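Source file: run23.txt (compact mmCIF, C-alpha atoms and all ligand atoms)
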# COMPACT_ATOMS: atom_id res chain seq x y z
CA MET A 1 20.14 20.68 -16.46
CA PRO A 2 17.42 21.31 -19.06
CA ALA A 3 13.94 21.62 -17.59
CA SER A 4 12.71 18.68 -19.61
CA LEU A 5 14.78 15.66 -20.61
CA LEU A 6 11.88 13.66 -21.95
CA VAL A 7 11.44 13.72 -25.71
CA ALA A 8 7.75 12.89 -26.00
CA GLY A 9 5.02 15.10 -27.28
CA HIS A 10 1.90 16.05 -25.40
CA ASP A 11 -0.20 13.73 -27.57
CA ARG A 12 1.90 10.67 -26.74
CA ILE A 13 1.65 11.41 -23.03
CA ALA A 14 -2.09 12.07 -23.23
CA GLY A 15 -2.50 8.78 -25.11
CA ALA A 16 -0.55 7.01 -22.39
CA ALA A 17 -2.84 8.45 -19.73
CA ARG A 18 -5.92 7.35 -21.64
CA ARG A 19 -4.50 3.82 -21.82
CA VAL A 20 -3.85 3.87 -18.06
CA MET A 21 -7.43 4.94 -17.31
CA ALA A 22 -8.87 2.30 -19.65
CA ARG A 23 -6.70 -0.42 -18.10
CA CYS A 24 -7.73 0.65 -14.59
CA ASP A 25 -11.30 0.00 -15.71
CA GLU A 26 -10.27 -3.35 -17.22
CA LEU A 27 -8.50 -4.47 -14.06
CA ALA A 28 -11.47 -3.30 -11.95
CA ARG A 29 -13.54 -5.96 -13.68
CA VAL A 30 -11.25 -8.68 -12.29
CA SER A 31 -12.88 -9.04 -8.89
CA ALA A 32 -13.98 -11.75 -6.47
CA THR A 33 -17.30 -9.96 -5.97
CA SER A 34 -19.71 -8.75 -8.66
CA GLY A 35 -20.59 -5.08 -8.38
CA ALA A 36 -17.54 -4.33 -6.20
CA ILE A 37 -13.77 -4.54 -6.51
CA GLU A 38 -11.96 -7.10 -4.35
CA ARG A 39 -8.72 -8.84 -5.31
CA VAL A 40 -6.72 -10.57 -2.62
CA TYR A 41 -3.40 -12.37 -2.38
CA LEU A 42 -3.06 -15.79 -4.03
CA SER A 43 -6.59 -15.71 -5.42
CA THR A 44 -7.73 -16.53 -8.95
CA GLU A 45 -8.16 -12.78 -9.43
CA HIS A 46 -4.52 -12.27 -8.45
CA ALA A 47 -3.46 -14.82 -11.06
CA ARG A 48 -5.62 -13.16 -13.74
CA VAL A 49 -4.26 -9.65 -13.21
CA ASN A 50 -0.70 -11.00 -13.15
CA ARG A 51 -1.33 -12.53 -16.58
CA LEU A 52 -2.73 -9.24 -17.88
CA ALA A 53 0.21 -7.27 -16.46
CA ALA A 54 2.67 -9.74 -17.99
CA GLU A 55 0.99 -9.34 -21.38
CA TRP A 56 1.28 -5.55 -21.14
CA MET A 57 4.93 -5.85 -20.05
CA ARG A 58 5.80 -8.05 -23.04
CA GLU A 59 3.97 -5.63 -25.35
CA ILE A 60 6.63 -3.01 -24.56
CA GLY A 61 9.54 -5.37 -25.00
CA MET A 62 10.02 -6.46 -21.39
CA THR A 63 10.97 -9.96 -20.34
CA THR A 64 8.57 -11.16 -17.66
CA ARG A 65 8.53 -13.46 -14.64
CA GLN A 66 6.41 -14.15 -11.59
CA ASP A 67 8.65 -14.33 -8.56
CA ALA A 68 8.53 -16.83 -5.70
CA ALA A 69 6.06 -14.65 -3.75
CA GLY A 70 3.60 -14.13 -6.62
CA ASN A 71 4.80 -10.64 -7.59
CA GLN A 72 4.71 -10.01 -11.35
CA LEU A 73 7.85 -8.45 -12.82
CA GLY A 74 8.96 -7.11 -16.18
CA ARG A 75 12.54 -6.12 -17.11
CA ILE A 76 14.13 -4.23 -19.99
CA GLY A 77 17.71 -3.09 -20.38
CA PRO A 78 21.22 -4.42 -19.98
CA PRO A 79 20.92 -7.98 -18.58
CA ASP A 80 23.66 -7.60 -15.95
CA ALA A 81 23.01 -4.00 -14.93
CA PRO A 82 21.35 -3.03 -11.65
CA ALA A 83 17.70 -2.09 -12.07
CA LEU A 84 15.64 0.93 -11.15
CA LEU A 85 12.41 -0.61 -9.86
CA LEU A 86 9.14 1.10 -10.79
CA GLY A 87 5.69 -0.08 -9.79
CA SER A 88 3.07 -0.49 -7.09
CA HIS A 89 0.51 -3.14 -6.11
CA LEU A 90 -2.46 -4.84 -7.85
CA ASP A 91 -4.18 -6.28 -4.77
CA THR A 92 -7.05 -4.36 -3.14
CA VAL A 93 -9.03 -3.85 0.03
CA PRO A 94 -12.64 -5.09 0.08
CA ASP A 95 -15.06 -2.86 -1.92
CA ALA A 96 -12.06 -0.94 -3.20
CA GLY A 97 -11.51 1.92 -5.56
CA ARG A 98 -9.90 1.22 -8.91
CA TYR A 99 -6.74 3.37 -8.64
CA ASP A 100 -5.08 2.56 -5.28
CA GLY A 101 -1.89 0.78 -6.36
CA ILE A 102 -3.19 -0.09 -9.82
CA VAL A 103 -2.57 3.34 -11.36
CA GLY A 104 1.07 3.21 -10.21
CA VAL A 105 1.75 -0.11 -11.92
CA LEU A 106 0.16 1.08 -15.17
CA MET A 107 1.95 4.45 -15.08
CA ALA A 108 5.26 2.62 -14.67
CA LEU A 109 4.52 0.64 -17.84
CA GLU A 110 3.81 3.88 -19.74
CA VAL A 111 7.10 5.35 -18.52
CA VAL A 112 8.96 2.36 -19.97
CA ARG A 113 7.05 2.77 -23.23
CA LEU A 114 7.95 6.49 -23.39
CA LEU A 115 11.62 5.93 -22.60
CA ARG A 116 12.12 3.40 -25.38
CA PRO A 117 13.28 4.88 -28.70
CA PRO A 118 10.34 5.99 -30.90
CA GLY A 119 9.31 3.25 -33.31
CA ALA A 120 10.66 0.57 -31.01
CA GLU A 121 7.16 -0.78 -30.37
CA GLY A 122 7.35 -4.52 -29.96
CA SER A 123 11.12 -4.77 -30.43
CA ALA A 124 13.43 -5.41 -27.51
CA SER A 125 15.33 -2.17 -28.02
CA ASP A 126 16.24 -0.76 -24.66
CA PRO A 127 15.86 2.71 -23.25
CA ALA A 128 19.33 4.25 -23.38
CA LEU A 129 19.87 4.29 -19.60
CA PRO A 130 22.84 3.30 -17.42
CA PHE A 131 20.60 0.86 -15.56
CA ALA A 132 17.88 -1.61 -16.42
CA LEU A 133 14.24 -0.80 -15.74
CA GLU A 134 12.03 -3.25 -13.91
CA VAL A 135 8.31 -2.85 -13.34
CA ILE A 136 6.91 -4.75 -10.38
CA ALA A 137 3.27 -5.45 -9.60
CA PHE A 138 3.34 -6.28 -5.90
CA SER A 139 0.95 -9.04 -4.92
CA ASP A 140 -0.14 -8.13 -1.38
CA GLU A 141 0.33 -4.57 -0.17
CA GLU A 142 -2.98 -4.37 1.69
CA GLY A 143 -2.87 -7.54 3.81
CA THR A 144 -6.61 -7.99 3.19
CA ARG A 145 -6.58 -11.81 3.18
CA PHE A 146 -4.13 -12.72 5.96
CA GLY A 147 -4.02 -9.51 8.03
CA LYS A 148 -0.26 -9.04 7.64
CA ALA A 149 0.38 -6.36 4.99
CA LEU A 150 3.31 -5.99 2.59
CA LEU A 151 3.82 -9.75 2.13
CA GLY A 152 4.88 -9.49 -1.53
CA SER A 153 7.28 -6.61 -0.96
CA SER A 154 8.65 -8.18 2.25
CA ALA A 155 9.68 -11.22 0.18
CA VAL A 156 11.47 -8.93 -2.32
CA ALA A 157 13.20 -7.15 0.59
CA GLY A 158 14.33 -10.49 2.02
CA THR A 159 12.49 -9.86 5.32
CA TRP A 160 9.99 -12.75 5.08
CA ASP A 161 9.22 -14.26 8.52
CA ALA A 162 8.63 -18.04 8.66
CA ASP A 163 5.96 -17.45 11.33
CA TRP A 164 3.78 -15.96 8.60
CA TRP A 165 3.15 -19.40 7.03
CA ALA A 166 0.72 -20.13 9.88
CA LEU A 167 -1.36 -16.97 9.25
CA THR A 168 -4.90 -17.92 8.29
CA ASP A 169 -7.60 -16.26 6.20
CA ALA A 170 -11.32 -16.02 7.06
CA ASP A 171 -11.82 -19.63 5.87
CA GLY A 172 -8.98 -20.97 8.03
CA THR A 173 -6.66 -21.54 5.05
CA THR A 174 -3.06 -20.96 6.06
CA LEU A 175 -0.71 -18.79 4.02
CA GLY A 176 1.37 -21.90 3.35
CA GLU A 177 -1.65 -23.80 1.99
CA ALA A 178 -2.66 -20.81 -0.12
CA PHE A 179 0.87 -20.63 -1.56
CA ARG A 180 0.70 -24.25 -2.69
CA GLU A 181 -2.83 -23.88 -4.07
CA PHE A 182 -1.61 -20.89 -6.11
CA GLY A 183 1.24 -23.00 -7.50
CA LEU A 184 4.03 -21.49 -5.40
CA ASP A 185 6.51 -23.39 -3.24
CA PRO A 186 6.89 -21.95 0.28
CA GLY A 187 10.34 -23.54 0.43
CA ARG A 188 11.51 -21.25 -2.38
CA ILE A 189 10.28 -17.94 -0.94
CA GLY A 190 13.90 -16.86 -0.47
CA GLU A 191 14.32 -16.72 -4.25
CA ALA A 192 12.14 -13.60 -4.35
CA ALA A 193 14.67 -11.64 -2.30
CA ARG A 194 16.71 -9.02 -4.15
CA HIS A 195 20.25 -8.00 -3.20
CA PRO A 196 20.95 -4.26 -2.73
CA ASP A 197 23.59 -4.40 -5.49
CA GLU A 198 20.90 -5.48 -7.97
CA LEU A 199 18.86 -2.34 -7.41
CA VAL A 200 19.38 1.36 -8.10
CA GLY A 201 16.23 2.29 -6.17
CA TYR A 202 12.43 2.04 -6.12
CA LEU A 203 10.12 4.74 -7.49
CA GLU A 204 6.35 4.50 -6.98
CA ALA A 205 3.54 6.72 -8.23
CA HIS A 206 0.38 6.51 -6.10
CA ILE A 207 -2.80 8.49 -5.46
CA GLU A 208 -2.44 10.57 -2.30
CA GLN A 209 -5.35 8.91 -0.48
CA GLY A 210 -5.84 12.21 1.34
CA PRO A 211 -7.20 15.70 0.54
CA GLU A 212 -4.02 17.86 0.61
CA LEU A 213 -3.30 18.14 -3.13
CA ASP A 214 -7.01 18.64 -3.85
CA ARG A 215 -7.15 21.46 -1.29
CA ARG A 216 -3.99 23.01 -2.77
CA GLY A 217 -5.36 22.74 -6.31
CA GLU A 218 -2.17 20.96 -7.41
CA SER A 219 -1.67 17.75 -9.43
CA LEU A 220 1.47 16.18 -8.01
CA ALA A 221 3.59 16.09 -4.88
CA VAL A 222 6.88 14.71 -3.64
CA VAL A 223 6.53 12.24 -0.77
CA SER A 224 8.87 12.89 2.18
CA SER A 225 8.21 9.74 4.17
CA ILE A 226 5.74 6.88 4.61
CA ALA A 227 4.04 6.54 7.98
CA SER A 228 5.10 3.69 10.24
CA ALA A 229 2.31 1.23 11.01
CA ARG A 230 1.29 -1.19 13.72
CA ARG A 231 -1.89 -3.25 13.54
CA PHE A 232 -3.42 -5.02 16.55
CA GLN A 233 -6.38 -7.19 17.38
CA LEU A 234 -7.77 -6.34 20.83
CA VAL A 235 -9.91 -8.88 22.69
CA VAL A 236 -12.20 -7.67 25.51
CA GLU A 237 -13.63 -10.26 27.90
CA GLY A 238 -16.68 -9.67 30.09
CA GLU A 239 -19.63 -11.94 30.82
CA ALA A 240 -22.50 -12.97 28.58
CA ARG A 241 -25.82 -12.66 30.42
CA HIS A 242 -29.53 -12.24 29.81
CA ALA A 243 -30.28 -8.87 28.19
CA GLY A 244 -33.50 -8.47 30.13
CA GLY A 245 -32.99 -10.06 33.49
CA THR A 246 -29.51 -8.65 34.26
CA PRO A 247 -29.50 -5.34 36.16
CA TYR A 248 -26.84 -2.82 35.16
CA ASP A 249 -24.81 -3.24 38.37
CA LEU A 250 -24.25 -6.91 37.47
CA ARG A 251 -23.24 -6.32 33.87
CA ARG A 252 -19.73 -6.75 32.42
CA ASP A 253 -20.55 -5.72 28.90
CA ALA A 254 -17.55 -6.34 26.59
CA LEU A 255 -19.03 -4.35 23.70
CA LEU A 256 -19.41 -1.19 25.80
CA GLY A 257 -15.82 -1.54 27.00
CA ALA A 258 -14.64 -1.96 23.41
CA SER A 259 -16.71 1.03 22.34
CA GLU A 260 -15.14 3.26 25.03
CA ALA A 261 -11.72 2.00 23.90
CA ALA A 262 -12.48 2.97 20.28
CA LEU A 263 -13.45 6.49 21.42
CA ALA A 264 -10.27 6.68 23.51
CA VAL A 265 -8.19 5.89 20.40
CA GLU A 266 -9.80 8.81 18.58
CA ARG A 267 -9.46 11.21 21.55
CA ILE A 268 -5.77 10.37 22.17
CA CYS A 269 -4.70 10.40 18.50
CA ARG A 270 -6.54 13.62 17.63
CA ALA A 271 -4.52 15.35 20.37
CA GLU A 272 -1.27 14.28 18.67
CA HIS A 273 0.58 15.53 15.55
CA HIS A 274 0.90 13.11 12.61
CA ILE A 275 -0.44 10.18 14.63
CA ILE A 276 -3.48 8.38 13.23
CA GLY A 277 -5.42 5.61 14.99
CA THR A 278 -8.42 3.80 13.49
CA VAL A 279 -10.72 1.04 14.71
CA GLY A 280 -11.96 -0.56 11.49
CA GLN A 281 -13.42 -3.77 12.86
CA LEU A 282 -15.60 -4.31 15.96
CA GLU A 283 -17.42 -7.57 16.64
CA ALA A 284 -19.52 -8.65 19.63
CA TYR A 285 -19.94 -12.26 20.77
CA PRO A 286 -22.05 -14.31 20.99
CA GLY A 287 -23.81 -11.65 18.91
CA ALA A 288 -27.45 -12.26 19.80
CA VAL A 289 -29.86 -9.35 20.30
CA ASN A 290 -30.93 -10.62 23.71
CA ILE A 291 -27.49 -11.46 25.18
CA ILE A 292 -25.13 -8.99 26.82
CA PRO A 293 -21.86 -9.37 24.84
CA GLY A 294 -19.43 -11.47 26.84
CA GLU A 295 -16.62 -10.84 24.37
CA ALA A 296 -15.72 -8.13 21.86
CA ARG A 297 -12.92 -8.04 19.30
CA LEU A 298 -11.72 -4.81 17.75
CA SER A 299 -8.88 -3.93 15.37
CA LEU A 300 -6.48 -1.04 15.83
CA ASP A 301 -4.54 0.50 12.93
CA LEU A 302 -1.99 2.90 14.45
CA ARG A 303 0.36 5.03 12.33
CA GLY A 304 2.89 7.76 12.93
CA GLU A 305 5.52 9.80 11.13
CA PHE A 306 8.11 8.44 13.58
CA ASP A 307 8.22 4.95 15.07
CA GLY A 308 9.03 6.26 18.58
CA GLU A 309 6.09 8.70 18.60
CA ARG A 310 3.76 5.96 17.39
CA ASP A 311 4.97 3.59 20.12
CA ARG A 312 4.61 6.28 22.80
CA VAL A 313 0.97 6.78 21.74
CA TRP A 314 0.38 3.01 21.81
CA GLY A 315 1.53 3.16 25.45
CA ALA A 316 -0.94 5.98 26.20
CA ILE A 317 -3.78 4.08 24.52
CA SER A 318 -2.91 0.92 26.47
CA ARG A 319 -2.99 2.79 29.79
CA ASP A 320 -6.32 4.37 28.94
CA VAL A 321 -7.79 1.00 27.95
CA ASP A 322 -6.51 -0.50 31.22
CA GLU A 323 -8.47 2.17 33.12
CA ILE A 324 -11.65 1.60 31.05
CA MET A 325 -11.57 -2.17 31.47
CA GLY A 326 -10.72 -1.94 35.17
CA ARG A 327 -13.65 0.39 35.81
CA ARG A 328 -15.99 -1.95 33.93
CA GLY A 329 -14.75 -5.20 35.46
CA LEU A 330 -13.47 -6.39 32.09
CA ARG A 331 -10.23 -8.02 30.96
CA TRP A 332 -8.41 -7.28 27.71
CA HIS A 333 -5.35 -8.28 25.72
CA ALA A 334 -3.86 -7.24 22.38
CA ARG A 335 -2.24 -9.33 19.64
CA GLU A 336 -0.01 -7.48 17.17
CA ILE A 337 -0.62 -8.67 13.59
CA HIS A 338 1.46 -6.23 11.55
CA SER A 339 4.28 -3.81 12.10
CA ALA A 340 6.29 -1.77 9.59
CA PRO A 341 8.76 1.04 10.28
CA ALA A 342 8.48 4.53 8.86
CA VAL A 343 10.47 4.90 5.66
CA PHE A 344 12.05 8.23 4.76
CA CYS A 345 12.28 8.73 1.02
CA ALA A 346 15.89 9.02 -0.15
CA PRO A 347 16.93 12.68 -0.71
CA LEU A 348 18.23 11.90 -4.22
CA LEU A 349 14.92 10.27 -5.21
CA GLN A 350 12.98 13.15 -3.65
CA ASP A 351 15.10 15.48 -5.77
CA VAL A 352 14.50 13.60 -9.04
CA VAL A 353 10.76 13.39 -8.32
CA ARG A 354 10.79 17.16 -7.67
CA GLU A 355 12.62 17.75 -10.97
CA GLY A 356 10.09 15.51 -12.68
CA ILE A 357 7.16 17.48 -11.31
CA LEU A 358 8.81 20.81 -12.18
CA SER A 359 9.10 19.61 -15.79
CA THR A 360 5.29 19.51 -15.90
CA LEU A 361 4.94 23.08 -14.60
CA PRO A 362 5.53 26.44 -16.30
CA SER A 363 9.19 27.51 -15.98
CA GLY A 364 9.81 29.45 -12.82
CA ALA A 365 7.02 27.65 -10.95
CA ASP A 366 7.40 27.18 -7.21
CA ASP A 367 8.63 23.85 -5.92
CA PRO A 368 5.88 21.25 -5.64
CA ALA A 369 4.36 20.23 -2.32
CA VAL A 370 6.20 17.71 -0.15
CA ILE A 371 3.73 15.43 1.67
CA PHE A 372 4.11 12.90 4.51
CA SER A 373 2.19 9.78 3.49
CA ARG A 374 -0.30 8.71 6.13
CA ALA A 375 -1.15 5.77 3.88
CA GLY A 376 1.11 2.75 3.87
CA HIS A 377 2.93 1.60 0.74
CA ASP A 378 5.21 -1.19 -0.45
CA GLY A 379 8.11 1.20 -0.04
CA MET A 380 7.87 0.52 3.72
CA ALA A 381 9.18 -2.99 3.02
CA ILE A 382 11.40 -2.18 0.04
CA GLY A 383 13.21 0.49 2.07
CA ALA A 384 15.04 -2.40 3.75
CA VAL A 385 16.86 -3.23 0.52
CA THR A 386 17.07 -0.05 -1.58
CA ASP A 387 16.32 3.67 -1.73
CA VAL A 388 12.66 4.61 -2.00
CA GLY A 389 11.03 7.56 -3.75
CA MET A 390 7.32 8.31 -4.26
CA LEU A 391 5.23 10.62 -6.42
CA PHE A 392 1.70 11.48 -5.27
CA LEU A 393 -1.19 12.21 -7.62
CA ARG A 394 -4.17 14.38 -6.66
CA ASN A 395 -7.02 12.25 -5.38
CA PRO A 396 -10.22 14.33 -5.67
CA ASP A 397 -11.79 14.80 -2.23
CA GLY A 398 -9.06 12.49 -0.89
CA ILE A 399 -11.48 9.58 -0.79
CA SER A 400 -9.83 6.16 -1.13
CA HIS A 401 -10.43 2.56 -0.06
CA HIS A 402 -13.90 3.34 -1.41
CA PRO A 403 -15.60 2.88 -4.82
CA ASP A 404 -15.71 6.69 -5.26
CA GLU A 405 -11.88 6.83 -5.32
CA ALA A 406 -10.94 8.93 -8.34
CA VAL A 407 -8.04 10.41 -10.28
CA ALA A 408 -8.14 12.74 -13.29
CA ALA A 409 -6.65 11.65 -16.62
CA GLY A 410 -4.89 15.01 -16.83
CA ASP A 411 -3.17 14.37 -13.50
CA VAL A 412 -2.22 10.88 -14.65
CA ALA A 413 -0.68 12.40 -17.79
CA ARG A 414 1.31 14.90 -15.72
CA GLY A 415 2.28 12.05 -13.38
CA ILE A 416 3.54 9.89 -16.25
CA GLN A 417 5.63 12.78 -17.56
CA ALA A 418 6.98 13.55 -14.08
CA LEU A 419 7.86 9.91 -13.41
CA ALA A 420 9.61 9.55 -16.78
CA GLU A 421 11.54 12.77 -16.15
CA ALA A 422 12.45 11.52 -12.66
CA VAL A 423 13.93 8.36 -14.21
CA LEU A 424 15.97 10.44 -16.66
CA HIS A 425 17.21 12.70 -13.88
CA ARG A 426 18.17 9.60 -11.85
CA ALA A 427 20.04 8.29 -14.91
CA ALA A 428 22.07 11.51 -14.96
CA GLU A 429 23.39 10.72 -11.46
CA PRO A 430 25.99 8.12 -10.54
CA VAL A 431 24.38 4.66 -10.40
O1 LIG B 1 -3.46 0.83 4.70
C1 LIG B 1 -2.86 1.56 3.93
O2 LIG B 1 -2.49 2.65 4.29
C2 LIG B 1 -2.56 1.09 2.54
O3 LIG B 1 -3.57 1.52 1.67
N1 LIG B 1 -2.41 -0.32 2.50
MN MN B 2 -4.63 0.78 -0.02
MN MN B 3 -1.91 1.46 -2.09
Would you put the structure from the file into structure tokens?
Amino acid sequence: MPASLLVAGHDRIAGAARRVMARCDELARVSATSGAIERVYLSTEHARVNRLAAEWMREIGMTTRQDAAGNQLGRIGPPDAPALLLGSHLDTVPDAGRYDGIVGVLMALEVVRLLRPPGAEGSASDPALPFALEVIAFSDEEGTRFGKALLGSSAVAGTWDADWWALTDADGTTLGEAFREFGLDPGRIGEAARHPDELVGYLEAHIEQGPELDRRGESLAVVSSIASARRFQLVVEGEARHAGGTPYDLRRDALLGASEAALAVERICRAEHHIIGTVGQLEAYPGAVNIIPGEARLSLDLRGEFDGERDRVWGAISRDVDEIMGRRGLRWHAREIHSAPAVFCAPLLQDVVREGILSTLPSGADDPAVIFSRAGHDGMAIGAVTDVGMLFLRNPDGISHHPDEAVAAGDVARGIQALAEAVLHRAAEPV
């Protein structure tokens, strides 16, 4: 097969990358907080970026719709054909960077633009592919507002759980109430689900959110699998008492127990391979400077390359926490708020992503890196309904979920070319 199937000059691809970078800046300005980026599920910011994405989808001849879970979709190609799904998410964490998720949605739009016949701007002429192309902007990959991640993609995968309607945000608004306030009908959530026969697969470009490509000095990588995730809230109960009058032998300090537990998570996970545990939230109650904390609440984000390994480590952490709390006269319990299995990228989609990356390299170049994604992605949900493939872009210094998150326009250009080539290589295979 020829090294490059894509008929698009360097200038067109560079122009596409410039448009992606400019639109990342434009979307970064749609935020709930001034001076920082925050865009959560079913918010006015979510509605605004969906409208912008829909406008950009129509600009390249796509028909558009917002599905029953608030995901924004665009489609081009034969109306009854199965679709290759391209995209990522437009929601963010608090105080986010401007590329996590966003760059993948915008790159997908540029791939559609490149694959349409030259001069087709604005017309509905389709890319000459044996399948339709759909671009999806998932509405809640992060789970920032309700704690449960992958809500938008779970609806598309048909794995929505009715218990989720009772999830509440920091203001006590339930997910069901937020749906109705956004103009969605919880009773129609099932309409977002896609049937496997409708889909050829799902391809997502995303920044690596880690330092490996930067350390290798390479632009792009194939993703082998996406780490499985479990998220918990741990509650530690001790006894609130006077900070001055209570001698140490009478104290049952919940915050100190929680702090030892957080250190135990780090110690146990560091000793493992491809297991990552993080305590991102830790709160002490009642939270006065002169009261020994009678209660502490901490989060645990636990990930692993394999579900079984991850679960074994959760068992080890639980036993260690039992010992800590027993020694300190404390009680504890855990509530699981999110769980998603590891997803192994389909070999065929790994192959087409590899071919796509090779098309951006000098002929005879070595195969690109293959990286296990420690970050979670919508593919973890979509893997329940179709094949998943991912392309990673270099993320300078690996910093992400932080305003300093960055990506180079040159890497975005190479990523757009690789993704477009991957689509063409997929089109050359049986649908
Ligand atoms: O948490 C994650 O790994 C992803 O960024 N949601
Ligand atoms: Mn993220
Ligand atoms: Mn992401």
For this session: Enumerate as a ChimeraX atom specification the residues within 12 Å of ligand MN 2 (chain B), counting only C-alpha atoms and all ligand atoms.
Result: /A:38-40,88-104,140-144,149-150,206-210,373-378,399-402,405
Exercise. How far is it from CA of Val200 (chain A) to CA of Val49 (chain A), in Å with one decimal?
Worked result: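 Rounded to one decimal, the two atoms are 26.6 Å apart.
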Seminar exercise, completed: Nearest to Ala16 (chain A), restricted to all atoms listed in the file and choosing among A:Thr246, A:His46, A:Glu55, A:Arg113, comes out as A:Arg113
Problem set entry | Nearby residues (all atoms listed in the file) at most 8 Å from Glu134 (chain A), same-chain spacing under 3 positions excluded, as a ChimeraX atom specification | /A:73-76,83-86
For this session: With a distance cut-off of 9 Å and only C-alpha atoms, select the neighbouring residues of region 315-321 of chain A, excluding the residue or stretch itself and same-chain residues fewer than 3 positions from it, and output the selection as a PyMOL selection string.
Result: chain A and resi 257-258+260-261+264-265+268-269+310-312+324-326+332
Exercise. Quick one: of A:Ser34, A:Gln417, A:Thr173, A:Ser139, who's nearest to ligand MN 3 (chain B), counting all atoms listed in the file?
Worked result: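 Closest candidate: A:Ser139.
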